[in-house]
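Structure data (PDB, N, CA and C atoms) from model.pdb:
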```
ATOM      1  N   MET A   1       2.502   7.339   8.140
ATOM      2  CA  MET A   1       1.331   7.743   8.850
ATOM      3  C   MET A   1       1.231   6.892  10.115
ATOM      4  N   TRP A   2       0.755   7.498  11.145
ATOM      5  CA  TRP A   2       0.775   6.869  12.455
ATOM      6  C   TRP A   2      -0.597   6.891  13.126
ATOM      7  N   VAL A   3      -0.824   5.893  13.951
ATOM      8  CA  VAL A   3      -1.942   5.862  14.891
ATOM      9  C   VAL A   3      -1.270   5.841  16.258
ATOM     10  N   GLU A   4      -1.286   6.992  16.929
ATOM     11  CA  GLU A   4      -0.528   7.173  18.168
ATOM     12  C   GLU A   4       0.927   6.796  17.899
ATOM     13  N   ASP A   5       1.457   5.741  18.519
ATOM     14  CA  ASP A   5       2.864   5.385  18.303
ATOM     15  C   ASP A   5       3.030   4.176  17.383
ATOM     16  N   ARG A   6       1.982   3.827  16.632
ATOM     17  CA  ARG A   6       2.011   2.663  15.747
ATOM     18  C   ARG A   6       1.928   3.117  14.287
ATOM     19  N   LYS A   7       2.765   2.545  13.448
ATOM     20  CA  LYS A   7       2.826   2.921  12.030
ATOM     21  C   LYS A   7       1.812   2.104  11.233
ATOM     22  N   ILE A   8       0.929   2.795  10.505
ATOM     23  CA  ILE A   8      -0.133   2.121   9.758
ATOM     24  C   ILE A   8       0.018   2.284   8.243
ATOM     25  N   ALA A   9       0.777   3.278   7.800
ATOM     26  CA  ALA A   9       0.911   3.522   6.365
ATOM     27  C   ALA A   9       2.249   4.182   6.068
ATOM     28  N   SER A  10       2.658   4.078   4.805
ATOM     29  CA  SER A  10       3.928   4.667   4.381
ATOM     30  C   SER A  10       3.768   5.307   3.010
ATOM     31  N   ILE A  11       4.545   6.336   2.787
ATOM     32  CA  ILE A  11       4.637   6.982   1.482
ATOM     33  C   ILE A  11       6.107   6.950   1.105
ATOM     34  N   GLY A  12       6.396   6.495  -0.100
ATOM     35  CA  GLY A  12       7.789   6.372  -0.518
ATOM     36  C   GLY A  12       8.080   7.119  -1.795
ATOM     37  N   LEU A  13       9.311   7.582  -1.914
ATOM     38  CA  LEU A  13       9.780   8.268  -3.113
ATOM     39  C   LEU A  13      11.225   7.857  -3.341
ATOM     40  N   HIS A  14      11.525   7.491  -4.583
ATOM     41  CA  HIS A  14      12.891   7.097  -4.937
ATOM     42  C   HIS A  14      13.273   7.848  -6.209
ATOM     43  N   VAL A  15      14.446   8.460  -6.203
ATOM     44  CA  VAL A  15      14.921   9.203  -7.365
ATOM     45  C   VAL A  15      16.259   8.635  -7.784
ATOM     46  N   THR A  16      16.353   8.274  -9.064
ATOM     47  CA  THR A  16      17.614   7.821  -9.644
ATOM     48  C   THR A  16      17.813   8.603 -10.935
ATOM     49  N   GLY A  17      18.806   9.447 -10.950
ATOM     50  CA  GLY A  17      19.011  10.292 -12.122
ATOM     51  C   GLY A  17      17.783  11.155 -12.340
ATOM     52  N   GLN A  18      17.156  10.996 -13.500
ATOM     53  CA  GLN A  18      15.953  11.766 -13.802
ATOM     54  C   GLN A  18      14.696  10.897 -13.756
ATOM     55  N   VAL A  19      14.787   9.754 -13.084
ATOM     56  CA  VAL A  19      13.647   8.845 -12.980
ATOM     57  C   VAL A  19      13.171   8.808 -11.533
ATOM     58  N   THR A  20      11.876   9.006 -11.345
ATOM     59  CA  THR A  20      11.322   8.927 -10.006
ATOM     60  C   THR A  20      10.306   7.792  -9.934
ATOM     61  N   ALA A  21      10.236   7.206  -8.776
ATOM     62  CA  ALA A  21       9.218   6.188  -8.491
ATOM     63  C   ALA A  21       8.617   6.561  -7.147
ATOM     64  N   HIS A  22       7.345   6.325  -7.015
ATOM     65  CA  HIS A  22       6.690   6.675  -5.762
ATOM     66  C   HIS A  22       5.609   5.648  -5.466
ATOM     67  N   GLY A  23       5.214   5.602  -4.213
ATOM     68  CA  GLY A  23       4.177   4.659  -3.848
ATOM     69  C   GLY A  23       3.610   4.947  -2.476
ATOM     70  N   VAL A  24       2.474   4.335  -2.226
ATOM     71  CA  VAL A  24       1.786   4.461  -0.957
ATOM     72  C   VAL A  24       1.384   3.064  -0.524
ATOM     73  N   SER A  25       1.548   2.770   0.745
ATOM     74  CA  SER A  25       1.056   1.496   1.260
ATOM     75  C   SER A  25       0.289   1.751   2.548
ATOM     76  N   VAL A  26      -0.823   1.050   2.677
ATOM     77  CA  VAL A  26      -1.647   1.140   3.874
ATOM     78  C   VAL A  26      -1.903  -0.288   4.341
ATOM     79  N   ASN A  27      -1.627  -0.540   5.591
ATOM     80  CA  ASN A  27      -1.881  -1.864   6.160
ATOM     81  C   ASN A  27      -3.359  -1.968   6.513
ATOM     82  N   VAL A  28      -4.108  -2.647   5.673
ATOM     83  CA  VAL A  28      -5.547  -2.771   5.880
ATOM     84  C   VAL A  28      -5.832  -4.006   6.727
ATOM     85  N   ASN A  29      -5.544  -5.174   6.174
ATOM     86  CA  ASN A  29      -5.764  -6.436   6.878
ATOM     87  C   ASN A  29      -4.542  -7.297   6.585
ATOM     88  N   THR A  30      -3.411  -6.871   7.070
ATOM     89  CA  THR A  30      -2.106  -7.368   6.676
ATOM     90  C   THR A  30      -1.491  -8.274   7.731
ATOM     91  N   ASP A  31      -0.809  -9.319   7.286
ATOM     92  CA  ASP A  31       0.006 -10.121   8.193
ATOM     93  C   ASP A  31       1.229  -9.270   8.537
ATOM     94  N   LEU A  32       1.335  -8.855   9.775
ATOM     95  CA  LEU A  32       2.411  -7.940  10.172
ATOM     96  C   LEU A  32       3.696  -8.654  10.567
ATOM     97  N   GLU A  33       3.693  -9.992  10.615
ATOM     98  CA  GLU A  33       4.893 -10.726  11.022
ATOM     99  C   GLU A  33       6.130 -10.371  10.192
ATOM    100  N   PRO A  34       6.039 -10.270   8.852
ATOM    101  CA  PRO A  34       7.239  -9.931   8.077
ATOM    102  C   PRO A  34       7.911  -8.615   8.492
ATOM    103  N   PHE A  35       7.153  -7.698   9.091
ATOM    104  CA  PHE A  35       7.774  -6.459   9.554
ATOM    105  C   PHE A  35       8.759  -6.714  10.690
ATOM    106  N   SER A  36       8.626  -7.849  11.390
ATOM    107  CA  SER A  36       9.565  -8.167  12.466
ATOM    108  C   SER A  36      10.906  -8.641  11.902
ATOM    109  N   TRP A  37      10.956  -8.934  10.625
ATOM    110  CA  TRP A  37      12.186  -9.408   9.985
ATOM    111  C   TRP A  37      13.041  -8.265   9.459
ATOM    112  N   ILE A  38      12.488  -7.056   9.425
ATOM    113  CA  ILE A  38      13.187  -5.895   8.867
ATOM    114  C   ILE A  38      13.096  -4.723   9.842
ATOM    115  N   VAL A  39      13.722  -3.635   9.461
ATOM    116  CA  VAL A  39      13.571  -2.378  10.208
ATOM    117  C   VAL A  39      12.695  -1.485   9.329
ATOM    118  N   PRO A  40      11.383  -1.447   9.607
ATOM    119  CA  PRO A  40      10.473  -0.694   8.736
ATOM    120  C   PRO A  40      10.850   0.783   8.661
ATOM    121  N   CYS A  41      11.017   1.251   7.445
ATOM    122  CA  CYS A  41      11.322   2.674   7.179
ATOM    123  C   CYS A  41      12.553   3.157   7.936
ATOM    124  N   GLY A  42      13.454   2.241   8.306
ATOM    125  CA  GLY A  42      14.650   2.629   9.040
ATOM    126  C   GLY A  42      14.378   3.069  10.470
ATOM    127  N   LEU A  43      13.233   2.684  11.014
ATOM    128  CA  LEU A  43      12.846   3.085  12.368
ATOM    129  C   LEU A  43      12.813   1.849  13.265
ATOM    130  N   PRO A  44      13.905   1.549  13.963
ATOM    131  CA  PRO A  44      13.989   0.301  14.730
ATOM    132  C   PRO A  44      12.905   0.135  15.797
ATOM    133  N   GLU A  45      12.405   1.216  16.357
ATOM    134  CA  GLU A  45      11.397   1.108  17.415
ATOM    135  C   GLU A  45       9.971   1.095  16.880
ATOM    136  N   ALA A  46       9.800   1.225  15.565
ATOM    137  CA  ALA A  46       8.452   1.328  14.998
ATOM    138  C   ALA A  46       7.666   0.041  15.206
ATOM    139  N   GLN A  47       6.485   0.183  15.766
ATOM    140  CA  GLN A  47       5.555  -0.932  15.886
ATOM    141  C   GLN A  47       4.532  -0.760  14.769
ATOM    142  N   MET A  48       4.342  -1.791  13.959
ATOM    143  CA  MET A  48       3.406  -1.718  12.846
ATOM    144  C   MET A  48       2.009  -2.096  13.321
ATOM    145  N   THR A  49       1.010  -1.544  12.650
ATOM    146  CA  THR A  49      -0.374  -1.873  12.947
ATOM    147  C   THR A  49      -1.149  -1.913  11.638
ATOM    148  N   SER A  50      -2.425  -2.194  11.725
ATOM    149  CA  SER A  50      -3.277  -2.244  10.542
ATOM    150  C   SER A  50      -4.656  -1.695  10.902
ATOM    151  N   ILE A  51      -5.427  -1.410   9.872
ATOM    152  CA  ILE A  51      -6.795  -0.956  10.103
ATOM    153  C   ILE A  51      -7.561  -2.018  10.877
ATOM    154  N   ALA A  52      -7.350  -3.286  10.524
ATOM    155  CA  ALA A  52      -8.037  -4.380  11.227
ATOM    156  C   ALA A  52      -7.687  -4.397  12.706
ATOM    157  N   LEU A  53      -6.395  -4.277  13.038
ATOM    158  CA  LEU A  53      -5.990  -4.294  14.445
ATOM    159  C   LEU A  53      -6.497  -3.080  15.215
ATOM    160  N   GLU A  54      -6.689  -1.978  14.511
ATOM    161  CA  GLU A  54      -7.170  -0.757  15.161
ATOM    162  C   GLU A  54      -8.692  -0.727  15.259
ATOM    163  N   GLY A  55      -9.336  -1.799  14.797
ATOM    164  CA  GLY A  55     -10.788  -1.908  14.937
ATOM    165  C   GLY A  55     -11.581  -1.241  13.824
ATOM    166  N   GLY A  56     -10.917  -0.928  12.722
ATOM    167  CA  GLY A  56     -11.616  -0.292  11.608
ATOM    168  C   GLY A  56     -12.164  -1.307  10.623
ATOM    169  N   ASP A  57     -12.815  -0.812   9.586
ATOM    170  CA  ASP A  57     -13.359  -1.658   8.525
ATOM    171  C   ASP A  57     -12.207  -2.167   7.682
ATOM    172  N   ALA A  58     -11.919  -3.455   7.765
ATOM    173  CA  ALA A  58     -10.767  -4.037   7.085
ATOM    174  C   ALA A  58     -11.147  -4.737   5.789
ATOM    175  N   ASP A  59     -12.272  -4.371   5.190
ATOM    176  CA  ASP A  59     -12.659  -4.937   3.902
ATOM    177  C   ASP A  59     -11.800  -4.277   2.827
ATOM    178  N   ILE A  60     -10.911  -5.037   2.223
ATOM    179  CA  ILE A  60      -9.924  -4.481   1.290
ATOM    180  C   ILE A  60     -10.577  -3.880   0.052
ATOM    181  N   GLU A  61     -11.647  -4.499  -0.455
ATOM    182  CA  GLU A  61     -12.312  -3.946  -1.638
ATOM    183  C   GLU A  61     -12.939  -2.586  -1.336
ATOM    184  N   ARG A  62     -13.622  -2.473  -0.187
ATOM    185  CA  ARG A  62     -14.219  -1.181   0.183
ATOM    186  C   ARG A  62     -13.134  -0.136   0.396
ATOM    187  N   PHE A  63     -12.037  -0.546   1.048
ATOM    188  CA  PHE A  63     -10.937   0.395   1.271
ATOM    189  C   PHE A  63     -10.377   0.882  -0.068
ATOM    190  N   ALA A  64     -10.133  -0.047  -0.994
ATOM    191  CA  ALA A  64      -9.549   0.318  -2.290
ATOM    192  C   ALA A  64     -10.447   1.297  -3.037
ATOM    193  N   GLU A  65     -11.750   1.052  -3.032
ATOM    194  CA  GLU A  65     -12.671   1.959  -3.729
ATOM    195  C   GLU A  65     -12.705   3.327  -3.073
ATOM    196  N   SER A  66     -12.745   3.354  -1.742
ATOM    197  CA  SER A  66     -12.777   4.619  -1.011
ATOM    198  C   SER A  66     -11.474   5.390  -1.217
ATOM    199  N   TYR A  67     -10.342   4.690  -1.148
ATOM    200  CA  TYR A  67      -9.034   5.319  -1.334
ATOM    201  C   TYR A  67      -8.911   5.883  -2.746
ATOM    202  N   ALA A  68      -9.317   5.091  -3.748
ATOM    203  CA  ALA A  68      -9.228   5.542  -5.142
ATOM    204  C   ALA A  68     -10.082   6.786  -5.354
ATOM    205  N   ALA A  69     -11.272   6.807  -4.772
ATOM    206  CA  ALA A  69     -12.148   7.968  -4.923
ATOM    207  C   ALA A  69     -11.527   9.211  -4.292
ATOM    208  N   ALA A  70     -11.003   9.076  -3.084
ATOM    209  CA  ALA A  70     -10.393  10.223  -2.398
ATOM    210  C   ALA A  70      -9.137  10.698  -3.129
ATOM    211  N   PHE A  71      -8.306   9.759  -3.564
ATOM    212  CA  PHE A  71      -7.066  10.095  -4.250
ATOM    213  C   PHE A  71      -7.364  10.793  -5.576
ATOM    214  N   SER A  72      -8.341  10.269  -6.336
ATOM    215  CA  SER A  72      -8.659  10.869  -7.624
ATOM    216  C   SER A  72      -9.285  12.251  -7.456
ATOM    217  N   THR A  73     -10.038  12.450  -6.378
ATOM    218  CA  THR A  73     -10.595  13.774  -6.107
ATOM    219  C   THR A  73      -9.462  14.773  -5.881
ATOM    220  N   GLU A  74      -8.474  14.374  -5.098
ATOM    221  CA  GLU A  74      -7.335  15.263  -4.838
ATOM    222  C   GLU A  74      -6.570  15.573  -6.117
ATOM    223  N   LEU A  75      -6.440  14.574  -7.001
ATOM    224  CA  LEU A  75      -5.690  14.768  -8.252
ATOM    225  C   LEU A  75      -6.550  15.333  -9.371
ATOM    226  N   LYS A  76      -7.853  15.467  -9.095
ATOM    227  CA  LYS A  76      -8.799  15.919 -10.121
ATOM    228  C   LYS A  76      -8.710  15.031 -11.355
ATOM    229  N   ALA A  77      -8.761  13.722 -11.119
ATOM    230  CA  ALA A  77      -8.668  12.731 -12.190
ATOM    231  C   ALA A  77      -9.687  11.633 -11.937
ATOM    232  N   LEU A  78      -9.993  10.888 -12.966
ATOM    233  CA  LEU A  78     -10.919   9.770 -12.817
ATOM    234  C   LEU A  78     -10.147   8.489 -12.554
ATOM    235  N   PRO A  79     -10.544   7.724 -11.533
ATOM    236  CA  PRO A  79      -9.847   6.455 -11.288
ATOM    237  C   PRO A  79     -10.194   5.444 -12.375
ATOM    238  N   GLN A  80      -9.250   4.592 -12.685
ATOM    239  CA  GLN A  80      -9.476   3.532 -13.660
ATOM    240  C   GLN A  80      -8.932   2.243 -13.071
ATOM    241  N   ARG A  81      -9.796   1.267 -12.918
ATOM    242  CA  ARG A  81      -9.380  -0.016 -12.347
ATOM    243  C   ARG A  81      -8.579  -0.792 -13.394
ATOM    244  N   VAL A  82      -7.443  -1.298 -12.977
ATOM    245  CA  VAL A  82      -6.596  -2.098 -13.845
ATOM    246  C   VAL A  82      -6.485  -3.474 -13.209
ATOM    247  N   GLU A  83      -6.880  -4.467 -13.955
ATOM    248  CA  GLU A  83      -6.783  -5.836 -13.450
ATOM    249  C   GLU A  83      -5.336  -6.290 -13.507
ATOM    250  N   ARG A  84      -5.016  -7.250 -12.687
ATOM    251  CA  ARG A  84      -3.663  -7.771 -12.573
ATOM    252  C   ARG A  84      -3.085  -8.194 -13.926
ATOM    253  N   GLU A  85      -3.896  -8.843 -14.742
ATOM    254  CA  GLU A  85      -3.417  -9.307 -16.048
ATOM    255  C   GLU A  85      -3.059  -8.133 -16.956
ATOM    256  N   GLN A  86      -3.853  -7.060 -16.881
ATOM    257  CA  GLN A  86      -3.573  -5.866 -17.676
ATOM    258  C   GLN A  86      -2.259  -5.226 -17.230
ATOM    259  N   LEU A  87      -2.022  -5.206 -15.953
ATOM    260  CA  LEU A  87      -0.796  -4.611 -15.429
ATOM    261  C   LEU A  87       0.414  -5.388 -15.914
ATOM    262  N   THR A  88       0.335  -6.697 -15.869
ATOM    263  CA  THR A  88       1.443  -7.528 -16.330
ATOM    264  C   THR A  88       1.755  -7.225 -17.793
ATOM    265  N   LEU A  89       0.730  -7.101 -18.617
ATOM    266  CA  LEU A  89       0.938  -6.793 -20.028
ATOM    267  C   LEU A  89       1.477  -5.377 -20.212
ATOM    268  N   ALA A  90       0.954  -4.426 -19.448
ATOM    269  CA  ALA A  90       1.331  -3.021 -19.607
ATOM    270  C   ALA A  90       2.784  -2.771 -19.238
ATOM    271  N   ILE A  91       3.268  -3.409 -18.194
ATOM    272  CA  ILE A  91       4.638  -3.128 -17.769
ATOM    273  C   ILE A  91       5.645  -4.056 -18.427
ATOM    274  N   GLY A  92       5.140  -5.049 -19.159
ATOM    275  CA  GLY A  92       6.035  -5.962 -19.861
ATOM    276  C   GLY A  92       6.894  -6.768 -18.911
ATOM    277  N   ALA A  93       6.415  -6.959 -17.699
ATOM    278  CA  ALA A  93       7.192  -7.656 -16.680
ATOM    279  C   ALA A  93       7.008  -9.155 -16.790
ATOM    280  N   ALA A  94       7.900  -9.838 -16.143
ATOM    281  CA  ALA A  94       7.694 -11.270 -15.951
ATOM    282  C   ALA A  94       6.470 -11.386 -15.059
ATOM    283  N   GLU A  95       6.125 -12.548 -14.672
ATOM    284  CA  GLU A  95       4.942 -12.736 -13.844
ATOM    285  C   GLU A  95       5.044 -11.940 -12.547
ATOM    286  N   LEU A  96       3.932 -11.337 -12.179
ATOM    287  CA  LEU A  96       3.844 -10.680 -10.886
ATOM    288  C   LEU A  96       3.734 -11.754  -9.807
ATOM    289  N   PRO A  97       4.152 -11.451  -8.590
ATOM    290  CA  PRO A  97       4.034 -12.452  -7.528
ATOM    291  C   PRO A  97       2.578 -12.824  -7.303
ATOM    292  N   PRO A  98       2.314 -14.047  -6.853
ATOM    293  CA  PRO A  98       0.934 -14.458  -6.656
ATOM    294  C   PRO A  98       0.265 -13.646  -5.558
ATOM    295  N   VAL A  99      -1.046 -13.467  -5.681
ATOM    296  CA  VAL A  99      -1.828 -12.799  -4.650
ATOM    297  C   VAL A  99      -2.138 -13.816  -3.580
ATOM    298  N   PRO A 100      -1.802 -13.509  -2.311
ATOM    299  CA  PRO A 100      -2.081 -14.478  -1.246
ATOM    300  C   PRO A 100      -3.570 -14.731  -1.126
ATOM    301  N   SER A 101      -3.946 -15.976  -0.868
ATOM    302  CA  SER A 101      -5.354 -16.280  -0.673
ATOM    303  C   SER A 101      -5.737 -15.949   0.755
ATOM    304  N   SER A 102      -7.012 -15.583   0.953
ATOM    305  CA  SER A 102      -7.430 -15.201   2.303
ATOM    306  C   SER A 102      -8.042 -16.343   3.051
TER     307      SER A 102
END
```
Rewrite the coordinates I just gave you, this time as structure tokens.
Amino acid sequence: MWVEDRKIASIGLHVTGQVTAHGVSVNVNTDLEPFSWIVPCGLPEAQMTSIALEGGDADIERFAESYAAAFSTELKALPQRVEREQLTLAIGAAELPPVPSS
């Protein structure tokens, strides 16, 4: 997803055999420096941006609630908040990476 010529969000899909993985990322109030270390989405000229840089409401909690509501409406499903600890237990993974402090 783009704001003029700046990339603000991505949608990904990966298929291996009969297993699919998908995801969505939106740069809300993100440190964009790491994007300079890679070629985002294989687009060498892509300039990354965020809601904060574009002058929008960069409150991550409000964004998450609004996004979950809109997404669940489209899917005709009820959103369910999963805390980080629950996710770690559910996926049986080793520790998830730490959440950066603000």
### Point-to-point distance in Å for atom CA of A:Val24 and atom CA of A:Ile60
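Interatomic distance, atom CA of A:Ile60 to atom CA of A:Val24: 14.9 Å.
Here atom C of A:Thr49 is placed at a distance of 22.6 Å from atom N of A:His14.
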### Message
So that I can see what lies close to stretch 32-43 of chain A, please list as an MDAnalysis selection string the residues with an atom at most 12 Å from it, counting only C-alpha atoms and leaving out residues fewer than 2 positions away in the same chain.
### Response
chainID A and resid 1 5:13 25:30 45:53
Test item: axis-aligned box, all listed atoms of stretch 19-34 of chain A, 6 Å on each side, centre and edges in Å rounded to one decimal, as lines of an AutoDock Vina configuration file:
```
center_x = 4.5
center_y = -0.5
center_z = -1.0
size_x = 32.6
size_y = 32.5
size_z = 36.1
```
### Task
Assign secondary structure with DSSP using the backbone only, and return the residues of chain A in alpha helix (DSSP H) as a ChimeraX atom specification.
/A:60-75,84-91
### Task
Could you please determine the separation between atom CA of A:Glu85 and atom CA of A:Ala64 in Å, to one decimal place?
17.9 Å
### DSSP strand (DSSP E or B) residues within stretch 5-81 of chain A, listed as a ChimeraX atom specification
/A:6-7,9-16,19-26,47-48
Could you write out that same residue set with N, CA and C atoms as a PDB file, keeping the file's coordinate frame?
```
ATOM      1  N   ARG A   6       1.982   3.827  16.632  1.00  0.00           N
ATOM      2  CA  ARG A   6       2.011   2.663  15.747  1.00  0.00           C
ATOM      3  C   ARG A   6       1.928   3.117  14.287  1.00  0.00           C
ATOM      4  N   LYS A   7       2.765   2.545  13.448  1.00  0.00           N
ATOM      5  CA  LYS A   7       2.826   2.921  12.030  1.00  0.00           C
ATOM      6  C   LYS A   7       1.812   2.104  11.233  1.00  0.00           C
ATOM      7  N   ALA A   9       0.777   3.278   7.800  1.00  0.00           N
ATOM      8  CA  ALA A   9       0.911   3.522   6.365  1.00  0.00           C
ATOM      9  C   ALA A   9       2.249   4.182   6.068  1.00  0.00           C
ATOM     10  N   SER A  10       2.658   4.078   4.805  1.00  0.00           N
ATOM     11  CA  SER A  10       3.928   4.667   4.381  1.00  0.00           C
ATOM     12  C   SER A  10       3.768   5.307   3.010  1.00  0.00           C
ATOM     13  N   ILE A  11       4.545   6.336   2.787  1.00  0.00           N
ATOM     14  CA  ILE A  11       4.637   6.982   1.482  1.00  0.00           C
ATOM     15  C   ILE A  11       6.107   6.950   1.105  1.00  0.00           C
ATOM     16  N   GLY A  12       6.396   6.495  -0.100  1.00  0.00           N
ATOM     17  CA  GLY A  12       7.789   6.372  -0.518  1.00  0.00           C
ATOM     18  C   GLY A  12       8.080   7.119  -1.795  1.00  0.00           C
ATOM     19  N   LEU A  13       9.311   7.582  -1.914  1.00  0.00           N
ATOM     20  CA  LEU A  13       9.780   8.268  -3.113  1.00  0.00           C
ATOM     21  C   LEU A  13      11.225   7.857  -3.341  1.00  0.00           C
ATOM     22  N   HIS A  14      11.525   7.491  -4.583  1.00  0.00           N
ATOM     23  CA  HIS A  14      12.891   7.097  -4.937  1.00  0.00           C
ATOM     24  C   HIS A  14      13.273   7.848  -6.209  1.00  0.00           C
ATOM     25  N   VAL A  15      14.446   8.460  -6.203  1.00  0.00           N
ATOM     26  CA  VAL A  15      14.921   9.203  -7.365  1.00  0.00           C
ATOM     27  C   VAL A  15      16.259   8.635  -7.784  1.00  0.00           C
ATOM     28  N   THR A  16      16.353   8.274  -9.064  1.00  0.00           N
ATOM     29  CA  THR A  16      17.614   7.821  -9.644  1.00  0.00           C
ATOM     30  C   THR A  16      17.813   8.603 -10.935  1.00  0.00           C
ATOM     31  N   VAL A  19      14.787   9.754 -13.084  1.00  0.00           N
ATOM     32  CA  VAL A  19      13.647   8.845 -12.980  1.00  0.00           C
ATOM     33  C   VAL A  19      13.171   8.808 -11.533  1.00  0.00           C
ATOM     34  N   THR A  20      11.876   9.006 -11.345  1.00  0.00           N
ATOM     35  CA  THR A  20      11.322   8.927 -10.006  1.00  0.00           C
ATOM     36  C   THR A  20      10.306   7.792  -9.934  1.00  0.00           C
ATOM     37  N   ALA A  21      10.236   7.206  -8.776  1.00  0.00           N
ATOM     38  CA  ALA A  21       9.218   6.188  -8.491  1.00  0.00           C
ATOM     39  C   ALA A  21       8.617   6.561  -7.147  1.00  0.00           C
ATOM     40  N   HIS A  22       7.345   6.325  -7.015  1.00  0.00           N
ATOM     41  CA  HIS A  22       6.690   6.675  -5.762  1.00  0.00           C
ATOM     42  C   HIS A  22       5.609   5.648  -5.466  1.00  0.00           C
ATOM     43  N   GLY A  23       5.214   5.602  -4.213  1.00  0.00           N
ATOM     44  CA  GLY A  23       4.177   4.659  -3.848  1.00  0.00           C
ATOM     45  C   GLY A  23       3.610   4.947  -2.476  1.00  0.00           C
ATOM     46  N   VAL A  24       2.474   4.335  -2.226  1.00  0.00           N
ATOM     47  CA  VAL A  24       1.786   4.461  -0.957  1.00  0.00           C
ATOM     48  C   VAL A  24       1.384   3.064  -0.524  1.00  0.00           C
ATOM     49  N   SER A  25       1.548   2.770   0.745  1.00  0.00           N
ATOM     50  CA  SER A  25       1.056   1.496   1.260  1.00  0.00           C
ATOM     51  C   SER A  25       0.289   1.751   2.548  1.00  0.00           C
ATOM     52  N   VAL A  26      -0.823   1.050   2.677  1.00  0.00           N
ATOM     53  CA  VAL A  26      -1.647   1.140   3.874  1.00  0.00           C
ATOM     54  C   VAL A  26      -1.903  -0.288   4.341  1.00  0.00           C
ATOM     55  N   GLN A  47       6.485   0.183  15.766  1.00  0.00           N
ATOM     56  CA  GLN A  47       5.555  -0.932  15.886  1.00  0.00           C
ATOM     57  C   GLN A  47       4.532  -0.760  14.769  1.00  0.00           C
ATOM     58  N   MET A  48       4.342  -1.791  13.959  1.00  0.00           N
ATOM     59  CA  MET A  48       3.406  -1.718  12.846  1.00  0.00           C
ATOM     60  C   MET A  48       2.009  -2.096  13.321  1.00  0.00           C
TER      61      MET A  48
END
```
